[in-house]
Every structure is written in structure tokens, then in C-alpha cells.
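Listing of data-v4.txt; format and content: compact mmCIF, C-alpha atoms and all ligand atoms.
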# COMPACT_ATOMS: atom_id res chain seq x y z
CA MET A 1 4.40 -12.91 -9.49
CA ASN A 2 7.21 -10.67 -10.80
CA VAL A 3 10.12 -10.30 -8.45
CA THR A 4 12.59 -7.97 -10.11
CA GLY A 5 11.18 -4.81 -8.52
CA TYR A 6 11.22 -3.71 -4.89
CA ALA A 7 7.64 -4.71 -4.11
CA GLY A 8 7.99 -8.13 -5.76
CA ALA A 9 11.33 -8.84 -4.08
CA GLU A 10 9.86 -7.95 -0.68
CA LEU A 11 6.91 -10.23 -1.37
CA ALA A 12 9.30 -13.09 -2.18
CA ARG A 13 11.23 -12.45 1.04
CA LEU A 14 8.09 -12.55 3.18
CA LEU A 15 6.54 -15.52 1.36
CA ALA A 16 9.73 -17.51 1.90
CA ASP A 17 8.80 -17.69 5.59
CA HIS A 18 5.07 -18.26 5.09
CA PRO A 19 4.34 -21.76 6.38
CA LEU A 20 1.31 -22.33 4.11
CA VAL A 21 2.69 -21.05 0.80
CA ASP A 22 4.99 -22.58 -1.81
CA LEU A 23 6.45 -19.95 -4.09
CA VAL A 24 6.54 -21.85 -7.38
CA SER A 25 6.87 -19.35 -10.21
CA VAL A 26 8.51 -15.93 -10.35
CA THR A 27 9.03 -13.66 -13.35
CA GLY A 28 11.00 -10.59 -14.43
CA ARG A 29 11.74 -9.29 -17.92
CA SER A 30 15.16 -7.94 -17.09
CA ALA A 31 16.46 -11.14 -15.46
CA ALA A 32 14.64 -14.00 -17.17
CA GLY A 33 16.79 -17.12 -17.09
CA GLN A 34 18.82 -16.02 -14.08
CA LYS A 35 18.58 -17.44 -10.58
CA LEU A 36 16.76 -15.22 -8.11
CA GLY A 37 19.91 -15.14 -5.95
CA GLN A 38 21.91 -13.65 -8.82
CA VAL A 39 19.65 -10.59 -8.90
CA PHE A 40 18.96 -10.41 -5.17
CA PRO A 41 21.62 -12.25 -3.14
CA HIS A 42 19.45 -12.03 0.00
CA LEU A 43 16.87 -14.24 -1.78
CA ALA A 44 19.37 -16.92 -2.88
CA PRO A 45 18.09 -19.53 -0.38
CA LEU A 46 14.78 -19.57 -2.27
CA ASP A 47 16.63 -21.35 -5.11
CA LEU A 48 14.20 -20.25 -7.85
CA ALA A 49 14.82 -19.41 -11.49
CA ILE A 50 13.30 -16.23 -12.86
CA GLU A 51 11.04 -17.00 -15.80
CA ALA A 52 9.88 -14.88 -18.72
CA GLU A 53 6.27 -16.05 -18.29
CA LEU A 54 4.44 -17.25 -15.21
CA GLY A 55 4.00 -21.02 -14.83
CA GLN A 56 1.10 -23.01 -13.37
CA VAL A 57 -0.14 -21.31 -10.17
CA ASP A 58 -3.08 -21.59 -7.76
CA PHE A 59 -2.80 -17.98 -6.60
CA ILE A 60 -1.18 -14.97 -8.23
CA PHE A 61 0.33 -11.71 -7.04
CA SER A 62 1.18 -8.97 -9.49
CA ALA A 63 3.72 -6.28 -8.60
CA LEU A 64 3.90 -4.84 -12.11
CA PRO A 65 3.53 -1.16 -12.99
CA HIS A 66 0.09 0.31 -13.51
CA HIS A 67 -1.61 -0.64 -16.79
CA GLU A 68 0.87 -3.46 -17.46
CA SER A 69 -0.50 -5.21 -14.38
CA ALA A 70 -4.14 -5.34 -15.53
CA GLU A 71 -3.13 -6.47 -19.02
CA ARG A 72 -0.99 -9.32 -17.67
CA LEU A 73 -3.46 -10.37 -14.97
CA LEU A 74 -6.52 -10.58 -17.21
CA PRO A 75 -5.88 -14.08 -18.64
CA PHE A 76 -5.40 -15.45 -15.09
CA ILE A 77 -8.51 -13.67 -13.78
CA GLU A 78 -10.50 -15.08 -16.70
CA LYS A 79 -9.29 -18.59 -15.77
CA GLY A 80 -10.53 -17.99 -12.21
CA VAL A 81 -7.13 -17.81 -10.49
CA PRO A 82 -7.52 -15.71 -7.32
CA ALA A 83 -5.31 -12.63 -7.46
CA VAL A 84 -3.91 -9.77 -5.44
CA ASP A 85 -2.79 -6.85 -7.58
CA LEU A 86 -0.25 -4.54 -5.93
CA SER A 87 -0.65 -1.95 -8.68
CA ALA A 88 -3.47 0.61 -8.79
CA ASP A 89 -5.25 -1.05 -11.71
CA PHE A 90 -8.26 -2.33 -9.77
CA ARG A 91 -8.35 0.18 -6.89
CA LEU A 92 -10.64 2.80 -8.38
CA LYS A 93 -14.32 2.08 -9.02
CA ASP A 94 -14.86 4.69 -11.71
CA ALA A 95 -13.07 3.69 -14.94
CA ALA A 96 -12.97 7.33 -16.08
CA LEU A 97 -10.56 8.09 -13.22
CA TYR A 98 -7.94 5.91 -14.96
CA ASP A 99 -8.11 8.20 -18.02
CA GLU A 100 -7.89 11.25 -15.79
CA TRP A 101 -5.21 10.24 -13.26
CA TYR A 102 -3.27 7.41 -14.93
CA ALA A 103 -3.56 8.43 -18.59
CA PHE A 104 -4.72 5.04 -19.83
CA ARG A 105 -8.02 3.54 -20.91
CA HIS A 106 -8.82 0.71 -18.47
CA PRO A 107 -8.70 -2.64 -20.30
CA ALA A 108 -11.37 -4.33 -18.16
CA PRO A 109 -13.70 -1.76 -16.58
CA GLN A 110 -16.31 -4.48 -16.04
CA LEU A 111 -14.07 -5.97 -13.31
CA LEU A 112 -13.83 -2.78 -11.23
CA ALA A 113 -17.16 -3.23 -9.47
CA ASP A 114 -16.27 -6.70 -8.16
CA ALA A 115 -12.63 -6.02 -7.30
CA VAL A 116 -12.33 -5.51 -3.54
CA TYR A 117 -10.18 -2.73 -2.08
CA GLY A 118 -7.78 -4.69 0.10
CA LEU A 119 -7.62 -2.73 3.32
CA PRO A 120 -8.46 -5.49 5.82
CA GLU A 121 -9.17 -3.15 8.72
CA LEU A 122 -12.10 -1.67 6.75
CA ASN A 123 -13.10 -4.39 4.27
CA ARG A 124 -12.29 -7.70 5.95
CA ALA A 125 -15.53 -9.52 5.13
CA GLU A 126 -15.48 -8.53 1.44
CA ILE A 127 -11.84 -9.60 1.11
CA GLN A 128 -12.64 -13.02 2.57
CA SER A 129 -14.97 -13.79 -0.32
CA ALA A 130 -13.08 -11.93 -3.07
CA ARG A 131 -11.33 -13.45 -6.10
CA LEU A 132 -9.63 -10.19 -7.10
CA VAL A 133 -8.19 -7.87 -4.47
CA ALA A 134 -6.72 -4.47 -5.25
CA ASN A 135 -3.93 -3.92 -2.76
CA PRO A 136 -4.02 -0.29 -1.58
CA GLY A 137 -1.29 2.20 -2.36
CA CYS A 138 1.34 2.97 0.23
CA TYR A 139 0.32 6.58 0.93
CA PRO A 140 -3.40 5.64 0.94
CA THR A 141 -2.85 2.82 3.45
CA ALA A 142 -1.36 5.19 6.04
CA SER A 143 -3.74 8.06 5.25
CA ILE A 144 -6.98 6.06 5.28
CA LEU A 145 -6.08 4.20 8.48
CA ALA A 146 -5.29 7.57 10.08
CA LEU A 147 -8.59 9.19 9.12
CA ALA A 148 -11.17 6.37 9.08
CA PRO A 149 -11.99 6.38 12.83
CA ALA A 150 -12.65 10.13 12.86
CA LEU A 151 -14.87 9.99 9.78
CA LYS A 152 -16.78 6.98 11.05
CA ALA A 153 -17.44 8.74 14.34
CA GLY A 154 -18.54 11.91 12.52
CA ILE A 155 -16.30 14.18 14.59
CA VAL A 156 -14.70 16.08 11.69
CA THR A 157 -16.20 18.31 9.05
CA GLY A 158 -13.74 18.11 6.20
CA GLY A 159 -11.02 20.63 5.48
CA ILE A 160 -8.87 17.52 5.44
CA ILE A 161 -5.18 17.81 4.62
CA VAL A 162 -2.85 14.84 4.32
CA ASP A 163 0.82 15.79 4.41
CA ALA A 164 2.81 12.62 3.76
CA LYS A 165 6.46 11.69 3.50
CA SER A 166 7.86 8.65 1.72
CA GLY A 167 11.17 6.86 1.62
CA ILE A 168 12.80 6.45 -1.76
CA SER A 169 11.99 2.76 -2.25
CA GLY A 170 8.43 4.05 -2.81
CA ALA A 171 9.60 5.23 -6.22
CA GLY A 172 10.61 1.69 -7.24
CA ARG A 173 13.90 0.16 -8.34
CA ALA A 174 13.95 1.51 -11.88
CA LEU A 175 16.54 4.27 -12.27
CA LYS A 176 15.22 7.80 -12.01
CA LEU A 177 16.99 11.10 -11.51
CA ALA A 178 15.01 11.92 -8.36
CA SER A 179 16.23 8.74 -6.65
CA HIS A 180 19.94 9.26 -7.32
CA PHE A 181 21.90 9.50 -4.07
CA CYS A 182 23.24 12.99 -4.84
CA GLU A 183 19.77 14.31 -5.62
CA ALA A 184 17.90 12.68 -2.74
CA ASP A 185 20.41 12.62 0.10
CA GLU A 186 20.08 15.49 2.60
CA ASP A 187 17.05 16.75 0.70
CA VAL A 188 13.30 16.91 1.25
CA CYS A 189 10.78 18.14 -1.29
CA ALA A 190 7.07 18.09 -1.99
CA TYR A 191 5.95 16.80 -5.36
CA ALA A 192 2.82 16.33 -7.46
CA ILE A 193 0.99 19.03 -5.46
CA ALA A 194 -2.78 18.73 -6.05
CA ALA A 195 -1.98 16.22 -8.80
CA HIS A 196 -0.93 12.93 -7.20
CA ARG A 197 -2.84 9.81 -8.30
CA HIS A 198 -3.29 8.70 -4.69
CA GLN A 199 -5.66 11.64 -4.04
CA PRO A 200 -8.66 9.98 -5.79
CA GLU A 201 -7.82 6.67 -4.10
CA ILE A 202 -7.81 8.16 -0.60
CA PHE A 203 -10.92 10.20 -1.43
CA GLN A 204 -12.81 7.15 -2.70
CA ALA A 205 -12.16 5.21 0.52
CA LEU A 206 -13.04 8.11 2.83
CA LYS A 207 -16.14 9.00 0.84
CA ALA A 208 -17.33 5.40 1.30
CA ILE A 209 -17.24 6.06 5.06
CA ASP A 210 -18.71 9.56 4.99
CA GLY A 211 -20.74 10.31 1.85
CA ALA A 212 -20.73 14.02 2.67
CA MET A 213 -16.96 14.28 2.67
CA PRO A 214 -15.66 17.13 0.52
CA ALA A 215 -12.47 16.73 -1.51
CA LEU A 216 -9.26 16.52 0.47
CA THR A 217 -5.79 17.93 -0.09
CA PHE A 218 -2.97 15.40 -0.40
CA THR A 219 0.68 16.44 -0.62
CA PRO A 220 3.43 13.81 -0.86
CA HIS A 221 7.08 14.46 -0.03
CA LEU A 222 10.24 12.55 -0.89
CA THR A 223 12.61 12.08 2.05
CA PRO A 224 16.10 10.58 2.23
CA MET A 225 15.30 7.24 3.86
CA THR A 226 15.06 3.84 2.21
CA ARG A 227 11.71 2.69 3.63
CA GLY A 228 8.80 4.29 5.39
CA ILE A 229 5.73 6.47 5.05
CA LEU A 230 4.68 9.04 7.60
CA ALA A 231 1.27 10.59 6.98
CA THR A 232 0.33 13.64 9.05
CA CYS A 233 -3.39 14.20 8.66
CA TYR A 234 -5.28 17.33 9.70
CA ALA A 235 -9.08 17.51 9.96
CA ARG A 236 -11.32 20.26 11.33
CA LEU A 237 -13.29 19.14 14.40
CA ASN A 238 -17.02 19.86 14.36
CA GLY A 239 -17.23 20.19 18.16
CA GLU A 240 -15.21 19.99 21.35
CA LEU A 241 -12.98 16.93 21.65
CA THR A 242 -10.31 16.37 24.26
CA ALA A 243 -7.04 14.61 23.51
CA GLU A 244 -8.13 11.78 25.84
CA GLU A 245 -11.40 11.35 23.93
CA ALA A 246 -9.50 11.21 20.63
CA VAL A 247 -7.18 8.51 21.96
CA ARG A 248 -10.15 6.53 23.35
CA LEU A 249 -11.96 6.74 20.03
CA TYR A 250 -8.94 5.50 18.07
CA ALA A 251 -8.06 2.77 20.57
CA GLY A 252 -11.67 1.52 20.48
CA PHE A 253 -11.82 1.56 16.68
CA TYR A 254 -8.67 -0.50 16.28
CA ALA A 255 -9.13 -2.79 19.32
CA GLY A 256 -8.34 -6.35 18.29
CA GLU A 257 -6.66 -5.36 15.02
CA PRO A 258 -3.47 -7.39 14.76
CA PHE A 259 -1.53 -4.84 12.73
CA VAL A 260 -2.78 -1.40 13.77
CA ARG A 261 -1.42 -0.07 17.02
CA VAL A 262 -2.65 3.16 18.57
CA VAL A 263 0.41 4.67 20.20
CA PRO A 264 0.72 7.41 22.85
CA GLU A 265 3.39 9.45 21.03
CA PRO A 266 3.72 10.40 17.36
CA PRO A 267 5.20 7.31 15.68
CA HIS A 268 8.51 7.12 13.87
CA THR A 269 8.81 5.31 10.54
CA LYS A 270 11.55 3.23 12.17
CA HIS A 271 9.00 1.85 14.61
CA ALA A 272 7.20 0.18 11.69
CA SER A 273 10.16 -0.65 9.47
CA GLY A 274 10.27 -4.26 8.28
CA SER A 275 6.91 -5.04 9.90
CA ASN A 276 3.30 -5.17 8.73
CA ALA A 277 2.33 -2.69 11.43
CA CYS A 278 0.65 0.67 11.08
CA LEU A 279 1.27 2.88 14.11
CA VAL A 280 -1.30 5.60 14.68
CA ASN A 281 -1.29 8.56 17.06
CA ALA A 282 -4.32 10.83 17.50
CA ALA A 283 -3.90 14.32 18.97
CA VAL A 284 -6.00 17.48 19.27
CA ASP A 285 -4.99 21.09 18.69
CA ARG A 286 -7.71 22.74 20.78
CA ARG A 287 -6.77 26.32 19.88
CA ALA A 288 -7.13 25.61 16.18
CA GLY A 289 -9.99 23.10 16.57
CA MET A 290 -8.08 20.49 14.61
CA LEU A 291 -7.61 16.75 14.93
CA ILE A 292 -4.05 15.79 14.00
CA VAL A 293 -3.38 12.12 13.33
CA THR A 294 0.01 10.72 12.39
CA ALA A 295 0.44 7.24 10.94
CA ALA A 296 3.65 5.37 10.14
CA ILE A 297 4.08 2.27 7.99
CA ASP A 298 6.79 0.51 6.03
CA ASN A 299 5.81 1.27 2.42
CA LEU A 300 7.12 -2.09 1.22
CA VAL A 301 5.38 -4.14 3.93
CA LYS A 302 2.02 -2.76 5.20
CA GLY A 303 2.15 -0.43 2.17
CA ALA A 304 2.66 -3.26 -0.35
CA ALA A 305 3.94 -6.85 0.13
CA GLY A 306 2.84 -7.45 3.73
CA GLN A 307 -0.66 -6.16 3.14
CA ALA A 308 -0.82 -8.32 -0.03
CA ILE A 309 -0.07 -11.39 2.10
CA GLN A 310 -2.59 -10.28 4.75
CA ASN A 311 -5.15 -10.14 1.93
CA MET A 312 -4.12 -13.55 0.58
CA ASN A 313 -4.45 -15.04 4.08
CA LEU A 314 -8.01 -13.71 4.31
CA MET A 315 -8.94 -14.86 0.78
CA LEU A 316 -7.67 -18.39 1.42
CA GLY A 317 -9.08 -18.70 4.93
CA TYR A 318 -5.67 -18.81 6.62
CA PRO A 319 -5.14 -17.08 9.98
CA GLU A 320 -4.74 -13.43 9.01
CA THR A 321 -1.36 -12.90 10.64
CA THR A 322 0.34 -15.98 9.17
CA GLY A 323 3.84 -15.27 7.89
CA LEU A 324 3.72 -11.58 8.73
CA PRO A 325 6.12 -9.71 11.03
CA ARG A 326 4.28 -7.67 13.64
CA LEU A 327 7.35 -6.00 15.10
CA ALA A 328 9.78 -3.59 13.47
CA ARG A 329 13.48 -4.19 13.14
CA PHE A 330 15.02 -1.41 15.18
CA PRO A 331 17.12 0.70 14.89
N1 LIG B 401 7.51 0.59 -4.00
C1 LIG B 401 6.47 0.74 -3.20
O1 LIG B 401 6.60 1.21 -2.07
C2 LIG B 401 5.09 0.33 -3.64
C3 LIG B 401 4.81 -0.14 -4.91
N2 LIG B 401 3.52 -0.46 -5.26
C4 LIG B 401 3.20 -0.91 -6.63
O2 LIG B 401 3.84 -2.13 -6.92
C5 LIG B 401 4.16 -2.18 -8.30
C6 LIG B 401 5.67 -2.41 -8.42
O3 LIG B 401 6.33 -1.30 -7.81
P1 LIG B 401 7.87 -1.34 -7.46
O4 LIG B 401 8.27 -2.71 -7.11
O5 LIG B 401 8.12 -0.23 -6.55
O6 LIG B 401 8.49 -0.96 -8.89
P2 LIG B 401 9.89 -1.37 -9.50
O7 LIG B 401 10.20 -0.35 -10.53
O8 LIG B 401 10.86 -1.62 -8.42
O9 LIG B 401 9.54 -2.75 -10.21
C7 LIG B 401 8.73 -2.82 -11.35
C8 LIG B 401 8.54 -4.28 -11.73
O10 LIG B 401 7.73 -4.35 -12.90
C9 LIG B 401 8.46 -4.96 -13.97
N3 LIG B 401 8.16 -4.21 -15.20
C10 LIG B 401 8.38 -2.90 -15.42
N4 LIG B 401 7.87 -2.55 -16.63
C11 LIG B 401 7.35 -3.66 -17.16
C12 LIG B 401 6.69 -3.95 -18.39
N5 LIG B 401 6.45 -3.01 -19.29
N6 LIG B 401 6.29 -5.23 -18.61
C13 LIG B 401 6.53 -6.20 -17.71
N7 LIG B 401 7.15 -5.97 -16.52
C14 LIG B 401 7.54 -4.72 -16.26
C15 LIG B 401 9.90 -4.85 -13.57
O11 LIG B 401 10.56 -5.92 -14.14
P3 LIG B 401 11.84 -5.80 -15.08
O12 LIG B 401 12.55 -4.54 -14.69
O13 LIG B 401 12.58 -7.04 -14.78
O14 LIG B 401 11.33 -5.74 -16.44
C16 LIG B 401 9.80 -5.02 -12.06
O15 LIG B 401 9.61 -6.38 -11.71
C17 LIG B 401 3.71 -0.86 -8.93
O16 LIG B 401 2.44 -1.00 -9.47
C18 LIG B 401 3.70 0.05 -7.73
O17 LIG B 401 2.87 1.13 -7.93
C19 LIG B 401 2.50 -0.38 -4.38
C20 LIG B 401 2.72 0.07 -3.11
C21 LIG B 401 4.02 0.48 -2.65
C1 LIG B 402 8.24 8.02 -3.36
C2 LIG B 402 7.40 7.76 -4.58
O1 LIG B 402 7.77 8.12 -5.68
N1 LIG B 402 6.26 7.10 -4.38
C3 LIG B 402 5.36 6.76 -5.45
C4 LIG B 402 4.13 6.10 -4.92
C5 LIG B 402 4.31 4.71 -4.49
C6 LIG B 402 3.65 3.67 -5.36
O2 LIG B 402 4.24 2.67 -5.56
O3 LIG B 402 2.45 3.87 -5.93
P1 LIG B 402 1.22 2.90 -5.70
O4 LIG B 402 1.08 2.76 -4.24
O5 LIG B 402 0.06 3.59 -6.34
O6 LIG B 402 1.37 1.59 -6.31
C7 LIG B 402 4.87 7.98 -6.19
O7 LIG B 402 4.67 9.02 -5.59
O8 LIG B 402 4.55 7.82 -7.37
Turn the structure described in the file into C-alpha cells.
Ligand SMILES: NC(=O)C1=CN([C@@H]2O[C@H](COP(=O)(O)OP(=O)(O)OC[C@H]3O[C@@H](n4cnc5c(N)ncnc54)[C@H](OP(=O)(O)O)[C@@H]3O)[C@@H](O)[C@H]2O)C=CC1
Ligand SMILES: CC(=O)N[C@@H](CCC(=O)OP(=O)(O)O)C(=O)O
Amino acid sequence: MNVTGYAGAELARLLADHPLVDLVSVTGRSAAGQKLGQVFPHLAPLDLAIEAELGQVDFIFSALPHHESAERLLPFIEKGVPAVDLSADFRLKDAALYDEWYAFRHPAPQLLADAVYGLPELNRAEIQSARLVANPGCYPTASILALAPALKAGIVTGGIIVDAKSGISGAGRALKLASHFCEADEDVCAYAIAAHRHQPEIFQALKAIDGAMPALTFTPHLTPMTRGILATCYARLNGELTAEEAVRLYAGFYAGEPFVRVVPEPPHTKHASGSNACLVNAAVDRRAGMLIVTAAIDNLVKGAAGQAIQNMNLMLGYPETTGLPRLARFP
């Protein structure tokens, strides 16, 4: 796996404490030849050298940018090495969506049908027998977990709006004007309105639950925090539903899930920070006839590296929670 970005570095940090994994080969163009601890002092105890090319591995994670990830993973996939891809390159089933939303021609469209969308709470059995798992995006993880119970129960008609906020680490470590301190501090803005590439990803997952689902509106926002996603999801109810019934429905749906907690108050991103948890609160606006569900995750953990490890655990037959923090670091 590559470690010189935020998602890769977080994966290395979590894998360091995984009792059943040996991290043997890590890469990064910008730091090849350096020790991992020179780039990320917090990872110095791992005592690994960053290589230009990946060595011999039994399992591979890719935390490369879209397009680059599929290209680099293909030789390993062809050799039969099981893989979790943290990029979007194997998330969408329809290859034409990559032309439309990612502006590249998919290099291996024949693999899209067999790649499994790695959201364990919805696709656990498929992940257990998969060789290639597409780790979900950070916004989609929170949004789909927030909406799946309502769609499965058939209590909403559509008119779905996802209003989501992300911390700045969601934009990656590469320098960008929007992530400069002076631009991002004390500022909140929406971006990519009606044009964000996570819209088709969320839609694909929800449509698999409810084939009649009409398109949804997804609006991301950049907020001045390091980690965290908060997705506030609105859906029109198709009948009467009390707040108590909504809570019961959600609690029942996620009963026994090790990483999804249905909480009585709207969650804070801080309550998930550093953990693989997704905290979900379901509420009802009776006057407006709307279900309002809020979900909080750490974008780098349940939204990326932690979920990737959860998927690996399932693929390799390890206990699903191995090596994964369930509780946030707070404050
Ligand atoms: N940040 C987040 O919250 C989440 C990220 N992801 C996904 O994870 C992946 C990594 O994201 P993130 O860590 O945030 O991004 P970063 O910008 O922090 O890291 C990008 C990584 O990719 C490497 N890289 C960049 N361009 C190339 C290239 N052309 N060829 C080879 N390597 C390259 C970089 O290495 P170097 O600079 O050393 O060349 C670095 O290791 C992306 O696909 C992203 O969409 C998914 C969910 C959440
Ligand atoms: C704050 C921010 O910029 N977030 C990124 C999404 C996070 C991400 O890494 O995208 P994937 O989940 O698809 O891999 C963005 O909006 O492009």
C-alpha cells in the first residue's frame, strides 16, 4: 500500500496495532528511499522504508488517487492477490459513469461486476467471499448508513436530500488552495452542488435497496475541522411515523452491528473521531412529514482506513472487529 497520503498513513497507523497483520511493504513516490518515520514521525516505531514499488505481498491496500489506483492494482489483481481499493475505481457498476463523473475511461470495466462494494453493514456476505473490495467513499459511508434502514423499511418516498459536512483531511494531503489555513479557518462553504462524484455512488447503493428510488440531491460542505463527516439526511415520509417508531426501526436494523451505534441525540463528529464507529440519530419532523437522520463518522477511519481493515478482516476470515478502535478519542 502507499502511505504518503492521509488515508494511507492512517491505514499504517491502524495496521501497526492489528495482531494478525504484518505490514511488509509500503510505497510513496514523493518519499521513496526514506524511512516512514522521516515523513510521519508518529509512524517511526513501524521502522519501515518507503519503496518506489510494492514488494511481495499476500494482501494489498491501495490508497492512491482515482484512476491511478486501478492502473496500479491491475497487475496484482491479475496475479490473484486479494485487494481493498480505497479509491473510487471499483465502486461504480456502470463503466460509463467513470467517463461522466471522473473524466477517465475505466481501464478494466470487466472487473466492475465482480468487485464488491465494501460496506459491511449491507454487504457482509459478499465481502467475505470477495477478492476485490471497493472501499466506499467517506460521504457515501455516512449517507448510506443513515438512509438504508428507512429505504429498506419502505417508509420514505424519495425527495431525499443529503446535506453533508467534511473536515479538511477529506481533501487529502496534497497542497490545494481550499485547504490553506487562511482560506479554510473560520469558514464554511458548499461545493460541487449537483455535481459531486459521490452522488452516483450514494444513488447506486440506495437504488440497490429500493429500485423505485428517484435521484437524490447531495450537497457537500467544507468545514474547518481536521477529521469528521456529518451527514444530515432528509427524506419525505410516506405515512405517519412517530419519533419513537423511527428510533425503534433504526435500533432494530443495526442491532448487533459492532460499529454502528444508534444514539438518542444528534451525534457530534467528535464522538466518532479516531474510531471506526458510525453514530446515527433518527428523528421525525411531523409538521413537515420528514424523516431527518444525522450520521457522524471519522472520514479517515470508518470513511477510509478503518473500513478498509474491517473489509480485510471479513475477506480473510478474521473476527471483524480485530485491530479496530470502537471508541472515539474525546475531546
Ligand atoms: N482523505 C479521505 O478522507 C479519504 C480518501 N479516500 C481515497 O483514498 C485515496 C487517497 O486519498 P488521500 O490519502 O486523502 O489523498 P492524499 O492526497 O493525501 O494522498 C494521495 C496518495 O497518492 C499518491 N499519489 C498521488 N498521485 C500519484 C500518482 N500519479 N502516482 C502514484 N501515486 C500517487 C501520493 O503519493 P506521493 O505524494 O508520495 O506521490 C499519496 O500517497 C483517494 O483515492 C481518496 O479518494 C477515500 C475515503 C476518504
Ligand atoms: C473535503 C473533500 O474535499 N472531500 C473530498 C472527498 C473525499 C474523498 O477522498 O473522496 P473518495 O471518498 O471518493 O475517495 C471531495 O469532496 O472531493
Exercise. Between CA of Leu86 (chain A) and CA of Phe203 (chain A), measure the distance and give it in Å to one decimal.
Key: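 Distance reported for this atom pair: 18.7 Å.
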Kindly provide, as a compact mmCIF listing (two decimals) with C-alpha atoms, in the coordinates of the input, all nucleotide and amino acid residues lying within 9 Å of ligand LIG 401 (chain B), counting only C-alpha atoms and all ligand atoms.
# COMPACT_ATOMS: atom_id res chain seq x y z
CA MET A 1 4.40 -12.91 -9.49
CA ASN A 2 7.21 -10.67 -10.80
CA VAL A 3 10.12 -10.30 -8.45
CA THR A 4 12.59 -7.97 -10.11
CA GLY A 5 11.18 -4.81 -8.52
CA TYR A 6 11.22 -3.71 -4.89
CA ALA A 7 7.64 -4.71 -4.11
CA GLY A 8 7.99 -8.13 -5.76
CA ALA A 9 11.33 -8.84 -4.08
CA GLU A 10 9.86 -7.95 -0.68
CA THR A 27 9.03 -13.66 -13.35
CA GLY A 28 11.00 -10.59 -14.43
CA ARG A 29 11.74 -9.29 -17.92
CA SER A 30 15.16 -7.94 -17.09
CA ALA A 31 16.46 -11.14 -15.46
CA ALA A 32 14.64 -14.00 -17.17
CA SER A 62 1.18 -8.97 -9.49
CA ALA A 63 3.72 -6.28 -8.60
CA LEU A 64 3.90 -4.84 -12.11
CA PRO A 65 3.53 -1.16 -12.99
CA HIS A 66 0.09 0.31 -13.51
CA HIS A 67 -1.61 -0.64 -16.79
CA GLU A 68 0.87 -3.46 -17.46
CA SER A 69 -0.50 -5.21 -14.38
CA ARG A 72 -0.99 -9.32 -17.67
CA ASP A 85 -2.79 -6.85 -7.58
CA LEU A 86 -0.25 -4.54 -5.93
CA SER A 87 -0.65 -1.95 -8.68
CA ALA A 88 -3.47 0.61 -8.79
CA ASP A 89 -5.25 -1.05 -11.71
CA ASN A 135 -3.93 -3.92 -2.76
CA PRO A 136 -4.02 -0.29 -1.58
CA GLY A 137 -1.29 2.20 -2.36
CA CYS A 138 1.34 2.97 0.23
CA TYR A 139 0.32 6.58 0.93
CA SER A 166 7.86 8.65 1.72
CA GLY A 167 11.17 6.86 1.62
CA ILE A 168 12.80 6.45 -1.76
CA SER A 169 11.99 2.76 -2.25
CA GLY A 170 8.43 4.05 -2.81
CA ALA A 171 9.60 5.23 -6.22
CA GLY A 172 10.61 1.69 -7.24
CA ARG A 173 13.90 0.16 -8.34
CA ALA A 174 13.95 1.51 -11.88
CA LEU A 175 16.54 4.27 -12.27
CA ARG A 227 11.71 2.69 3.63
CA GLY A 228 8.80 4.29 5.39
CA ILE A 229 5.73 6.47 5.05
CA ASP A 298 6.79 0.51 6.03
CA ASN A 299 5.81 1.27 2.42
CA LEU A 300 7.12 -2.09 1.22
CA VAL A 301 5.38 -4.14 3.93
CA LYS A 302 2.02 -2.76 5.20
CA GLY A 303 2.15 -0.43 2.17
CA ALA A 304 2.66 -3.26 -0.35
CA ALA A 305 3.94 -6.85 0.13
Self-check item: Selected residue of minimal separation from Leu46 (chain A) among A:Asp58, A:Ser25, A:Pro149, A:Asp99, counting all atoms listed in the file
Solution: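 Among the listed residues, A:Ser25 lies closest to Leu46 (chain A).
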Quiz item: So what do you get for CA of Asn311 (chain A) versus CA of Glu100 (chain A), distance-wise?
Solution: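 Separating CA of Asn311 (chain A) from CA of Glu100 (chain A) is a distance of 27.9 Å.
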Residue list as a compact mmCIF listing (two decimals) with C-alpha atoms, in the frame of the given file for point (14.9, 16.8, -1.7), cut-off 12 Å, only C-alpha atoms:
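After the write, selection_29.txt holds the following:
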# COMPACT_ATOMS: atom_id res chain seq x y z
CA LYS A 165 6.46 11.69 3.50
CA SER A 166 7.86 8.65 1.72
CA GLY A 167 11.17 6.86 1.62
CA ILE A 168 12.80 6.45 -1.76
CA LEU A 177 16.99 11.10 -11.51
CA ALA A 178 15.01 11.92 -8.36
CA SER A 179 16.23 8.74 -6.65
CA HIS A 180 19.94 9.26 -7.32
CA PHE A 181 21.90 9.50 -4.07
CA CYS A 182 23.24 12.99 -4.84
CA GLU A 183 19.77 14.31 -5.62
CA ALA A 184 17.90 12.68 -2.74
CA ASP A 185 20.41 12.62 0.10
CA GLU A 186 20.08 15.49 2.60
CA ASP A 187 17.05 16.75 0.70
CA VAL A 188 13.30 16.91 1.25
CA CYS A 189 10.78 18.14 -1.29
CA ALA A 190 7.07 18.09 -1.99
CA TYR A 191 5.95 16.80 -5.36
CA PRO A 220 3.43 13.81 -0.86
CA HIS A 221 7.08 14.46 -0.03
CA LEU A 222 10.24 12.55 -0.89
CA THR A 223 12.61 12.08 2.05
CA PRO A 224 16.10 10.58 2.23
CA MET A 225 15.30 7.24 3.86
